[in-house]
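Asks: What follows is final.cif, made up of mmCIF, C-alpha atoms:
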data_upload
loop_
_atom_site.label_atom_id
_atom_site.label_comp_id
_atom_site.auth_asym_id
_atom_site.auth_seq_id
_atom_site.Cartn_x
_atom_site.Cartn_y
_atom_site.Cartn_z
CA MET A 1 97.68 113.82 108.30
CA ILE A 2 96.06 112.17 105.30
CA LEU A 3 96.64 115.14 102.97
CA ASP A 4 100.38 114.72 103.49
CA ASN A 5 100.12 111.45 101.54
CA PHE A 6 99.10 113.35 98.41
CA HIS A 7 102.02 115.78 98.18
CA LEU A 8 104.72 115.29 95.55
CA GLN A 9 107.41 117.60 96.89
CA GLY A 10 110.85 116.56 95.65
CA ARG A 11 109.44 114.14 93.06
CA VAL A 12 110.34 114.11 89.38
CA ALA A 13 107.61 113.25 86.87
CA ILE A 14 108.01 112.40 83.19
CA VAL A 15 104.87 113.31 81.23
CA THR A 16 104.64 112.48 77.54
CA GLY A 17 102.52 114.53 75.17
CA CYS A 18 102.06 117.38 77.62
CA ASN A 19 102.17 120.36 75.25
CA THR A 20 98.35 120.61 75.13
CA GLY A 21 95.12 119.05 76.35
CA LEU A 22 94.99 116.23 78.87
CA GLY A 23 98.76 115.89 79.12
CA GLN A 24 99.12 119.56 79.89
CA GLY A 25 96.41 119.33 82.54
CA MET A 26 98.10 116.36 84.21
CA ALA A 27 101.54 117.99 84.12
CA ARG A 28 100.06 121.12 85.70
CA ALA A 29 98.35 119.08 88.43
CA LEU A 30 101.52 117.19 89.30
CA ALA A 31 103.40 120.49 89.52
CA GLN A 32 100.68 121.93 91.76
CA ALA A 33 101.27 118.98 94.07
CA GLY A 34 105.00 119.77 94.14
CA ALA A 35 106.63 117.70 91.37
CA ASP A 36 109.20 118.89 88.88
CA ILE A 37 108.19 117.99 85.32
CA VAL A 38 110.08 116.41 82.43
CA GLY A 39 107.94 116.99 79.36
CA VAL A 40 108.50 114.74 76.34
CA ASN A 41 106.91 116.13 73.18
CA VAL A 42 107.37 116.46 69.45
CA SER A 43 106.60 120.20 69.51
CA GLU A 44 107.35 123.20 71.69
CA PRO A 45 105.50 123.02 75.05
CA ASP A 46 105.74 126.77 75.75
CA GLU A 47 102.41 127.11 77.54
CA THR A 48 102.97 124.03 79.71
CA ARG A 49 106.46 125.18 80.67
CA GLU A 50 105.11 128.58 81.69
CA GLN A 51 102.34 127.02 83.79
CA VAL A 52 104.74 124.69 85.59
CA GLN A 53 107.34 127.38 86.24
CA ALA A 54 104.67 129.80 87.46
CA LEU A 55 103.98 127.25 90.20
CA GLY A 56 107.62 127.40 91.29
CA ARG A 57 108.50 124.02 89.83
CA ARG A 58 111.21 123.16 87.30
CA PHE A 59 110.45 122.01 83.75
CA LEU A 60 112.77 120.09 81.41
CA ASP A 61 111.78 120.22 77.74
CA LEU A 62 112.75 117.04 75.87
CA ARG A 63 111.87 116.38 72.21
CA ALA A 64 111.47 112.91 70.81
CA ASN A 65 109.63 110.80 68.28
CA LEU A 66 108.28 108.25 70.73
CA SER A 67 107.33 105.85 67.94
CA ASP A 68 111.06 105.04 67.84
CA ILE A 69 111.77 103.23 71.08
CA SER A 70 115.55 103.59 70.65
CA CYS A 71 115.26 107.03 72.31
CA LEU A 72 113.68 105.81 75.55
CA GLU A 73 116.77 104.91 77.60
CA GLY A 74 118.29 108.27 76.70
CA LEU A 75 115.17 110.13 77.82
CA VAL A 76 115.21 108.35 81.17
CA GLY A 77 118.89 109.23 81.55
CA GLU A 78 118.24 112.91 80.83
CA ALA A 79 115.38 112.95 83.33
CA ARG A 80 117.63 111.36 85.95
CA SER A 81 120.37 113.91 85.30
CA PHE A 82 117.83 116.74 85.60
CA GLY A 83 116.23 115.63 88.86
CA GLY A 84 118.72 113.20 90.36
CA ARG A 85 116.02 110.53 90.20
CA VAL A 86 112.73 109.62 88.52
CA ASP A 87 109.58 108.98 90.53
CA ILE A 88 106.59 109.17 88.18
CA LEU A 89 105.91 108.31 84.54
CA VAL A 90 102.70 109.39 82.81
CA ASN A 91 102.34 107.65 79.43
CA ASN A 92 99.95 110.10 77.80
CA ALA A 93 101.23 110.54 74.23
CA GLY A 94 99.03 108.89 71.64
CA ILE A 95 97.41 109.20 68.23
CA ILE A 96 94.18 108.10 66.57
CA ARG A 97 93.34 107.25 62.95
CA ARG A 98 89.75 107.06 61.70
CA GLU A 99 88.56 104.86 58.83
CA ASP A 100 86.02 102.10 58.24
CA ALA A 101 87.44 98.77 59.38
CA ILE A 102 86.89 97.29 55.92
CA LYS A 103 89.26 99.89 54.42
CA PHE A 104 91.72 100.37 57.29
CA SER A 105 95.37 100.39 56.18
CA GLU A 106 98.36 98.54 57.61
CA LYS A 107 100.18 101.86 58.06
CA ASP A 108 97.36 103.35 60.14
CA TRP A 109 97.34 100.17 62.18
CA ASP A 110 101.10 100.13 62.79
CA ASP A 111 101.44 103.87 63.49
CA VAL A 112 98.82 103.79 66.23
CA ILE A 113 99.86 100.49 67.80
CA ASP A 114 103.53 101.51 67.86
CA LEU A 115 102.96 104.76 69.76
CA ASN A 116 99.90 103.94 71.85
CA LEU A 117 100.91 100.45 72.98
CA LYS A 118 104.46 99.41 72.10
CA THR A 119 106.00 102.65 73.36
CA VAL A 120 103.88 102.59 76.52
CA PHE A 121 105.28 99.18 77.40
CA PHE A 122 108.91 99.91 76.60
CA PHE A 123 108.93 103.36 78.24
CA SER A 124 107.43 101.75 81.34
CA GLN A 125 110.10 99.07 81.19
CA ALA A 126 112.90 101.63 80.96
CA VAL A 127 111.51 103.65 83.87
CA ALA A 128 110.89 100.52 85.97
CA ARG A 129 114.55 99.62 85.56
CA GLN A 130 115.43 103.08 86.87
CA TYR A 131 113.09 102.65 89.84
CA ILE A 132 114.69 99.30 90.67
CA ALA A 133 118.19 100.79 90.39
CA GLN A 134 117.15 103.61 92.73
CA GLY A 135 115.70 101.10 95.19
CA SER A 136 112.84 103.51 95.86
CA GLY A 137 109.91 102.17 93.87
CA GLY A 138 107.85 104.54 91.78
CA LYS A 139 104.61 105.22 89.93
CA ILE A 140 103.61 104.49 86.34
CA ILE A 141 100.32 105.93 85.06
CA ASN A 142 99.09 104.92 81.63
CA VAL A 143 96.35 106.71 79.72
CA ALA A 144 93.67 104.27 78.62
CA SER A 145 90.27 105.20 77.12
CA MET A 146 86.57 104.42 77.05
CA LEU A 147 87.63 102.18 74.16
CA SER A 148 89.55 100.07 76.64
CA TYR A 149 86.05 98.91 77.61
CA GLN A 150 84.09 99.37 74.38
CA GLY A 151 84.59 98.66 70.69
CA GLY A 152 83.84 102.00 69.10
CA VAL A 153 83.51 102.45 65.33
CA ARG A 154 86.02 103.45 62.64
CA VAL A 155 89.00 103.33 65.03
CA PRO A 156 90.22 99.70 64.94
CA SER A 157 93.86 100.30 65.81
CA TYR A 158 93.00 102.83 68.52
CA THR A 159 90.54 100.39 70.12
CA ALA A 160 93.13 97.61 69.96
CA SER A 161 95.81 99.84 71.46
CA LYS A 162 93.70 101.10 74.34
CA SER A 163 92.39 97.63 75.14
CA GLY A 164 96.02 96.57 75.19
CA VAL A 165 96.98 99.43 77.51
CA MET A 166 94.53 98.13 80.11
CA GLY A 167 95.94 94.63 79.74
CA ILE A 168 99.62 95.52 80.03
CA THR A 169 98.84 97.83 82.94
CA ARG A 170 97.63 94.75 84.82
CA LEU A 171 100.57 92.65 83.62
CA MET A 172 103.19 95.18 84.70
CA ALA A 173 101.46 95.70 88.04
CA ASN A 174 101.52 91.96 88.67
CA GLU A 175 105.23 91.68 87.95
CA TRP A 176 106.50 94.88 89.56
CA ALA A 177 104.35 95.41 92.65
CA SER A 178 106.90 93.49 94.73
CA GLN A 179 109.46 96.16 93.74
CA ARG A 180 107.15 98.90 95.12
CA ILE A 181 106.28 99.98 91.59
CA ASN A 182 102.61 100.86 91.18
CA VAL A 183 101.26 100.61 87.63
CA ASN A 184 97.76 101.94 87.06
CA ALA A 185 95.82 103.71 84.31
CA ILE A 186 93.33 106.51 83.80
CA ALA A 187 90.57 106.10 81.20
CA PRO A 188 89.26 109.55 80.25
CA GLY A 189 85.72 109.81 78.96
CA TYR A 190 84.61 112.34 76.38
CA MET A 191 86.90 115.32 76.95
CA ALA A 192 86.75 118.82 75.48
CA THR A 193 90.15 118.87 73.77
CA ASN A 194 91.48 119.48 70.26
CA ASN A 195 90.95 115.79 69.44
CA THR A 196 87.19 116.05 69.96
CA ALA A 197 86.61 119.45 68.34
CA ALA A 198 84.91 117.89 65.31
CA LEU A 199 82.57 115.81 67.47
CA ARG A 200 81.58 118.80 69.57
CA ALA A 201 80.96 120.86 66.44
CA ASP A 202 78.57 118.21 65.08
CA GLU A 203 75.25 119.18 66.61
CA GLY A 204 73.72 115.72 66.41
CA ARG A 205 76.76 113.81 67.72
CA ASN A 206 77.34 116.35 70.47
CA ALA A 207 73.74 116.03 71.69
CA ALA A 208 73.87 112.22 71.58
CA ILE A 209 77.08 112.12 73.58
CA LEU A 210 75.84 114.57 76.22
CA ASP A 211 72.61 112.60 76.53
CA ARG A 212 74.64 109.50 77.47
CA ILE A 213 76.81 111.26 80.11
CA PRO A 214 75.06 111.40 83.52
CA ALA A 215 77.13 114.45 84.50
CA GLY A 216 75.62 116.25 81.51
CA ARG A 217 78.85 117.82 80.25
CA TRP A 218 82.09 117.08 78.45
CA GLY A 219 85.10 116.55 80.67
CA VAL A 220 87.97 119.03 80.83
CA PRO A 221 91.68 118.46 81.51
CA ASP A 222 91.31 119.60 85.13
CA ASP A 223 88.98 116.63 85.73
CA LEU A 224 92.09 114.42 85.57
CA ALA A 225 93.97 116.46 88.18
CA GLY A 226 92.73 114.59 91.25
CA PRO A 227 93.08 111.09 89.78
CA VAL A 228 96.59 111.66 88.43
CA VAL A 229 97.87 113.17 91.68
CA PHE A 230 96.31 110.31 93.65
CA LEU A 231 97.92 107.66 91.44
CA ALA A 232 101.27 109.49 91.51
CA SER A 233 101.32 109.87 95.29
CA GLN A 234 101.87 107.79 98.41
CA ALA A 235 98.08 107.75 98.85
CA SER A 236 97.84 105.05 96.15
CA ASP A 237 100.62 102.77 97.42
CA TYR A 238 98.24 99.78 97.65
CA VAL A 239 96.51 100.39 94.31
CA ASN A 240 97.92 98.11 91.62
CA GLY A 241 96.78 97.27 88.09
CA TYR A 242 93.61 99.35 88.21
CA THR A 243 92.12 101.54 85.46
CA VAL A 244 90.23 104.53 86.81
CA ALA A 245 87.43 105.72 84.51
CA VAL A 246 87.07 109.51 84.60
CA ASP A 247 83.98 109.71 82.42
CA GLY A 248 81.18 111.61 84.11
CA GLY A 249 79.36 108.29 84.51
CA TRP A 250 79.46 107.23 80.83
CA LEU A 251 80.24 103.58 81.62
CA ALA A 252 77.55 103.44 84.29
CA ARG A 253 74.80 103.94 81.68
#
Show me this structure written as structure tokens.
Replies:
Amino acid sequence: MILDNFHLQGRVAIVTGCNTGLGQGMARALAQAGADIVGVNVSEPDETREQVQALGRRFLDLRANLSDISCLEGLVGEARSFGGRVDILVNNAGIIRREDAIKFSEKDWDDVIDLNLKTVFFFSQAVARQYIAQGSGGKIINVASMLSYQGGVRVPSYTASKSGVMGITRLMANEWASQRINVNAIAPGYMATNNTAALRADEGRNAAILDRIPAGRWGVPDDLAGPVVFLASQASDYVNGYTVAVDGGWLAR
């Protein structure tokens, strides 16, 4: 039956930045589909752990500064020890810095590029090596953005990083598809999370954004549940190098 291709029973998923927001929603969805979760965060993911365990799945809480890639091999090893294998990586952790391009600092450039792009590549590399060692293939899901497609304003390093995420998603898919490793990305649209609280509180900006979205509403973390489970499951075995926009139709306008 086709629905059997979407289950994740017995799978182990690493999800970065899953203590709140979109990462929490994706971790919860993967657990609902049957996966055990390895959460990699800088702060306590109490709520996420409770949600995953309430679904009868296991949760491993790992703490790391992902801007330092020296920790990545160790994280993969801990995930392997926890679950006996690794099957799914969701590269969700990221940051944004806002400033006019004419005044943007080197530090704000480097901080964002290091976490949003460099770490995504090297964590994917470390997990791909584990998949190859297992001989079982696996799934890598990167979190892109509307700014993978558009330029935006006042977020130069974020735009560069998310454009880069789309590019390296294609590159890694090209090189690793023959090893049964699927690399794809999700590009969330305007989502109602902590990161967009200021935008939603600005009456004018909020109205302008909603006017552009055909669905007529901000997205919520649960809107990523279907796409992330699909890309993590056997149902997407022939999907490689693709970025799925989950945007309420924003890009269609």
Asks: Hey, what comes out of the PyMOL selection byres ((chain A and resi 150) around 10) on this file? Could you write it as a list in words?
Replies: Ser145, Met146, Leu147, Ser148, Tyr149, Gly151, Gly152, Val153, Thr159, Lys162, Ser163 and Leu251 of chain A
Asks: Would you kindly translate the PyMOL selection byres ((chain A and resi 94) around 7) into the concrete residues it picks from this file, as a list in words?
Replies: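 Taken on the displayed file, the PyMOL selection byres ((chain A and resi 94) around 7) yields the residues Asn92, Ala93, Ile95, Leu115 and Asn116 of chain A.
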Asks: Those selected residues, please, written with C-alpha atoms and delivered as a PDB file, in the coordinates of the input.
Replies:
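Dumped to again_26.pdb:
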ATOM      1  CA  ASN A  92      99.950 110.100  77.800  1.00  0.00           C
ATOM      2  CA  ALA A  93     101.230 110.540  74.230  1.00  0.00           C
ATOM      3  CA  ILE A  95      97.410 109.200  68.230  1.00  0.00           C
ATOM      4  CA  LEU A 115     102.960 104.760  69.760  1.00  0.00           C
ATOM      5  CA  ASN A 116      99.900 103.940  71.850  1.00  0.00           C
TER       6      ASN A 116
END
Asks: One number please: atom CA of A:Ile2 to atom CA of A:Val127, in Å, one decimal.
Replies: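 One can read the atom CA of A:Ile2 to atom CA of A:Val127 distance as 27.8 Å.
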Asks: Apply the PyMOL selection byres ((chain A and resi 119) around 9) to the structure shown and report the selected residues as a list in words.
Replies: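 So the PyMOL selection byres ((chain A and resi 119) around 9) ends up selecting Leu66, Ser67, Asp68, Ile69, Leu72, Asn91, Ile113, Asp114, Leu115, Asn116, Leu117, Lys118, Val120, Phe121, Phe122, Phe123 and Ser124 of chain A.
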Asks: Residues within 9 Å of A:Cys18, please, as an NGL selection string. Count all atoms listed in the file; anything in the same chain fewer than 6 positions from it doesn't count.
Replies: :A and (24-27 or 39-41 or 45 or 48 or 92-93)
Asks: Mind giving me the straight-line distance from atom CA of A:Ile37 to atom CA of A:Tyr158 in Å, one decimal?
Replies: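 Computing the Euclidean distance for atom CA of A:Ile37 and atom CA of A:Tyr158 yields 27.3 Å.
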Asks: Which of these residues is nearest to A:Arg170, using all atoms listed in the file: A:Asn142, A:Gln234, A:Gln130, A:Thr196?
Replies: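 Nearest to A:Arg170: A:Asn142.
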Asks: Measuring between only C-alpha atoms, which one of A:Val165, A:Leu22, A:Leu55, A:Val155 shows the shortest distance to A:Ala225?
Replies: A:Leu22
Asks: How far is it from atom CA of A:Ala177 to atom CA of A:Lys139, in Å with one decimal?
Replies: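 For atom CA of A:Ala177 relative to atom CA of A:Lys139, the distance reads 10.2 Å.
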Asks: For A:Asn240, find every residue with an atom within 9 Å (counting all atoms listed in the file), except residues of its own chain fewer than 2 positions away, and show them as a PyMOL selection string.
Replies: chain A and resi 169-170+173-174+177+181-184+236-238+242
Asks: Residues at most 8 Å from A:Ile141, counting all atoms listed in the file, excluding those fewer than 4 positions away in the same chain, as an NGL selection string?
Replies: :A and (88-91 or 183-186 or 228 or 231-232)
Asks: Residues within 9 Å of A:Arg180, please, as a PyMOL selection string. Count all atoms listed in the file; anything in the same chain fewer than 6 positions from it doesn't count.
Replies: chain A and resi 131-132+135-139+237
Asks: Could you please give me, as a PDB file with C-alpha atoms, in the coordinates of the input, the residues of protein, DNA or RNA lying at most 12 Å from (98.6, 123.1, 89.8) in the coordinate frame of the file, considering only C-alpha atoms?
Replies:
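Full text of point.pdb as output:
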ATOM      1  CA  HIS A   7     102.020 115.780  98.180  1.00  0.00           C
ATOM      2  CA  LEU A   8     104.720 115.290  95.550  1.00  0.00           C
ATOM      3  CA  GLN A  24      99.120 119.560  79.890  1.00  0.00           C
ATOM      4  CA  GLY A  25      96.410 119.330  82.540  1.00  0.00           C
ATOM      5  CA  MET A  26      98.100 116.360  84.210  1.00  0.00           C
ATOM      6  CA  ALA A  27     101.540 117.990  84.120  1.00  0.00           C
ATOM      7  CA  ARG A  28     100.060 121.120  85.700  1.00  0.00           C
ATOM      8  CA  ALA A  29      98.350 119.080  88.430  1.00  0.00           C
ATOM      9  CA  LEU A  30     101.520 117.190  89.300  1.00  0.00           C
ATOM     10  CA  ALA A  31     103.400 120.490  89.520  1.00  0.00           C
ATOM     11  CA  GLN A  32     100.680 121.930  91.760  1.00  0.00           C
ATOM     12  CA  ALA A  33     101.270 118.980  94.070  1.00  0.00           C
ATOM     13  CA  GLY A  34     105.000 119.770  94.140  1.00  0.00           C
ATOM     14  CA  ALA A  35     106.630 117.700  91.370  1.00  0.00           C
ATOM     15  CA  ASP A  36     109.200 118.890  88.880  1.00  0.00           C
ATOM     16  CA  ILE A  37     108.190 117.990  85.320  1.00  0.00           C
ATOM     17  CA  THR A  48     102.970 124.030  79.710  1.00  0.00           C
ATOM     18  CA  GLU A  50     105.110 128.580  81.690  1.00  0.00           C
ATOM     19  CA  GLN A  51     102.340 127.020  83.790  1.00  0.00           C
ATOM     20  CA  VAL A  52     104.740 124.690  85.590  1.00  0.00           C
ATOM     21  CA  GLN A  53     107.340 127.380  86.240  1.00  0.00           C
ATOM     22  CA  ALA A  54     104.670 129.800  87.460  1.00  0.00           C
ATOM     23  CA  LEU A  55     103.980 127.250  90.200  1.00  0.00           C
ATOM     24  CA  GLY A  56     107.620 127.400  91.290  1.00  0.00           C
ATOM     25  CA  ARG A  57     108.500 124.020  89.830  1.00  0.00           C
ATOM     26  CA  PRO A 221      91.680 118.460  81.510  1.00  0.00           C
ATOM     27  CA  ASP A 222      91.310 119.600  85.130  1.00  0.00           C
ATOM     28  CA  LEU A 224      92.090 114.420  85.570  1.00  0.00           C
ATOM     29  CA  ALA A 225      93.970 116.460  88.180  1.00  0.00           C
ATOM     30  CA  GLY A 226      92.730 114.590  91.250  1.00  0.00           C
ATOM     31  CA  VAL A 228      96.590 111.660  88.430  1.00  0.00           C
ATOM     32  CA  VAL A 229      97.870 113.170  91.680  1.00  0.00           C
TER      33      VAL A 229
END
Asks: Name all residues at most 7 Å from A:Val42 (count only C-alpha atoms; drop same-chain ones fewer than 4 positions away) and give them as an NGL selection string.
Replies: :A and (63-65)
Asks: Those selected residues, please, written with C-alpha atoms and delivered as a PDB file, in the coordinates of the input.
Replies:
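Result file is result-v4.pdb:
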ATOM      1  CA  ARG A  63     111.870 116.380  72.210  1.00  0.00           C
ATOM      2  CA  ALA A  64     111.470 112.910  70.810  1.00  0.00           C
ATOM      3  CA  ASN A  65     109.630 110.800  68.280  1.00  0.00           C
TER       4      ASN A  65
END
Asks: Of the candidates A:Tyr190, A:Ala13, A:Gly167, A:Ser233, which one gets nearest to A:Arg80 if we count all atoms listed in the file?
Replies: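 Residue with the minimum atom-to-atom distance to A:Arg80: A:Ala13.
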Asks: Select, from A:Val244, A:Val38, A:Ala192, A:Ala201, the residue with the minimum atom-to-atom distance to A:Gly219, counting only C-alpha atoms.
Replies: A:Ala192
Asks: In terms of the shortest atom-to-atom distance over all atoms listed in the file, which of A:Met166, A:Ala160, A:Asp46, A:Pro188 is closest to A:Thr243?
Replies: A:Met166
Asks: Padding 8 Å on every side, please: axis-aligned box over the listed atoms of stretch 98-103 of chain A, centre and edge lengths to one decimal in Å, as lines of an AutoDock Vina configuration file.
Replies:
center_x = 87.9
center_y = 102.2
center_z = 58.1
size_x = 19.7
size_y = 25.8
size_z = 23.3
Asks: Pick from A:Glu44, A:Gly249, A:Arg58, A:Gln134: nearest to A:Gln9, with only C-alpha atoms counted?
Replies: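 So, comparing all the options, the nearest one is A:Arg58.
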Asks: Give as a count of residues only each residue that has an atom at most 6 Å from (111.3, 111.6, 87.8) in the file, counting only C-alpha atoms.
Replies: 7
Asks: Some atoms are missing, so please complete stretch 1-31 of chain A with N, CA and C atoms and return it as a short mmCIF file (atom, residue, chain, number, x, y, z; two decimals), keeping the file's coordinate frame.
Replies:
data_model
loop_
_atom_site.label_atom_id
_atom_site.label_comp_id
_atom_site.auth_asym_id
_atom_site.auth_seq_id
_atom_site.Cartn_x
_atom_site.Cartn_y
_atom_site.Cartn_z
N MET A 1 98.95 113.40 108.88
CA MET A 1 97.68 113.82 108.30
C MET A 1 97.51 113.22 106.90
N ILE A 2 96.29 112.86 106.56
CA ILE A 2 96.06 112.17 105.30
C ILE A 2 96.48 113.01 104.09
N LEU A 3 96.28 114.32 104.13
CA LEU A 3 96.64 115.14 102.97
C LEU A 3 98.13 115.12 102.68
N ASP A 4 98.94 114.83 103.71
CA ASP A 4 100.38 114.72 103.49
C ASP A 4 100.72 113.59 102.52
N ASN A 5 99.86 112.58 102.44
CA ASN A 5 100.12 111.45 101.54
C ASN A 5 99.94 111.79 100.07
N PHE A 6 99.35 112.95 99.80
CA PHE A 6 99.10 113.35 98.41
C PHE A 6 100.16 114.31 97.85
N HIS A 7 101.07 114.80 98.69
CA HIS A 7 102.02 115.78 98.18
C HIS A 7 103.11 115.08 97.36
N LEU A 8 103.68 115.83 96.43
CA LEU A 8 104.72 115.29 95.55
C LEU A 8 105.99 116.12 95.61
N GLN A 9 106.21 116.79 96.73
CA GLN A 9 107.41 117.60 96.89
C GLN A 9 108.66 116.76 96.70
N GLY A 10 109.60 117.26 95.88
CA GLY A 10 110.85 116.56 95.65
C GLY A 10 110.77 115.44 94.64
N ARG A 11 109.60 115.21 94.04
CA ARG A 11 109.44 114.14 93.06
C ARG A 11 109.70 114.67 91.65
N VAL A 12 110.10 113.77 90.78
CA VAL A 12 110.34 114.11 89.38
C VAL A 12 109.40 113.26 88.52
N ALA A 13 108.61 113.94 87.69
CA ALA A 13 107.61 113.25 86.87
C ALA A 13 107.89 113.45 85.39
N ILE A 14 107.95 112.35 84.65
CA ILE A 14 108.01 112.40 83.19
C ILE A 14 106.57 112.33 82.68
N VAL A 15 106.21 113.29 81.83
CA VAL A 15 104.87 113.31 81.23
C VAL A 15 105.03 113.42 79.73
N THR A 16 104.54 112.44 79.00
CA THR A 16 104.64 112.48 77.54
C THR A 16 103.41 113.16 76.95
N GLY A 17 103.62 113.86 75.84
CA GLY A 17 102.52 114.53 75.17
C GLY A 17 101.84 115.56 76.03
N CYS A 18 102.63 116.43 76.66
CA CYS A 18 102.06 117.38 77.62
C CYS A 18 102.02 118.81 77.10
N ASN A 19 102.17 119.00 75.79
CA ASN A 19 102.17 120.36 75.25
C ASN A 19 100.77 120.96 75.20
N THR A 20 99.74 120.12 75.15
CA THR A 20 98.35 120.61 75.13
C THR A 20 97.45 119.61 75.85
N GLY A 21 96.17 119.98 75.98
CA GLY A 21 95.12 119.05 76.35
C GLY A 21 95.29 118.32 77.67
N LEU A 22 94.98 117.03 77.65
CA LEU A 22 94.99 116.23 78.87
C LEU A 22 96.39 116.12 79.46
N GLY A 23 97.39 115.98 78.61
CA GLY A 23 98.76 115.89 79.12
C GLY A 23 99.18 117.15 79.82
N GLN A 24 98.81 118.29 79.24
CA GLN A 24 99.12 119.56 79.89
C GLN A 24 98.41 119.66 81.23
N GLY A 25 97.15 119.28 81.28
CA GLY A 25 96.41 119.33 82.54
C GLY A 25 97.02 118.44 83.61
N MET A 26 97.49 117.25 83.23
CA MET A 26 98.10 116.36 84.21
C MET A 26 99.46 116.87 84.66
N ALA A 27 100.25 117.41 83.73
CA ALA A 27 101.54 117.99 84.12
C ALA A 27 101.34 119.14 85.10
N ARG A 28 100.35 119.98 84.82
CA ARG A 28 100.06 121.12 85.70
C ARG A 28 99.64 120.63 87.09
N ALA A 29 98.81 119.61 87.14
CA ALA A 29 98.35 119.08 88.43
C ALA A 29 99.50 118.50 89.24
N LEU A 30 100.37 117.76 88.59
CA LEU A 30 101.52 117.19 89.30
C LEU A 30 102.43 118.29 89.83
N ALA A 31 102.60 119.35 89.06
CA ALA A 31 103.40 120.49 89.52
C ALA A 31 102.72 121.18 90.69
#
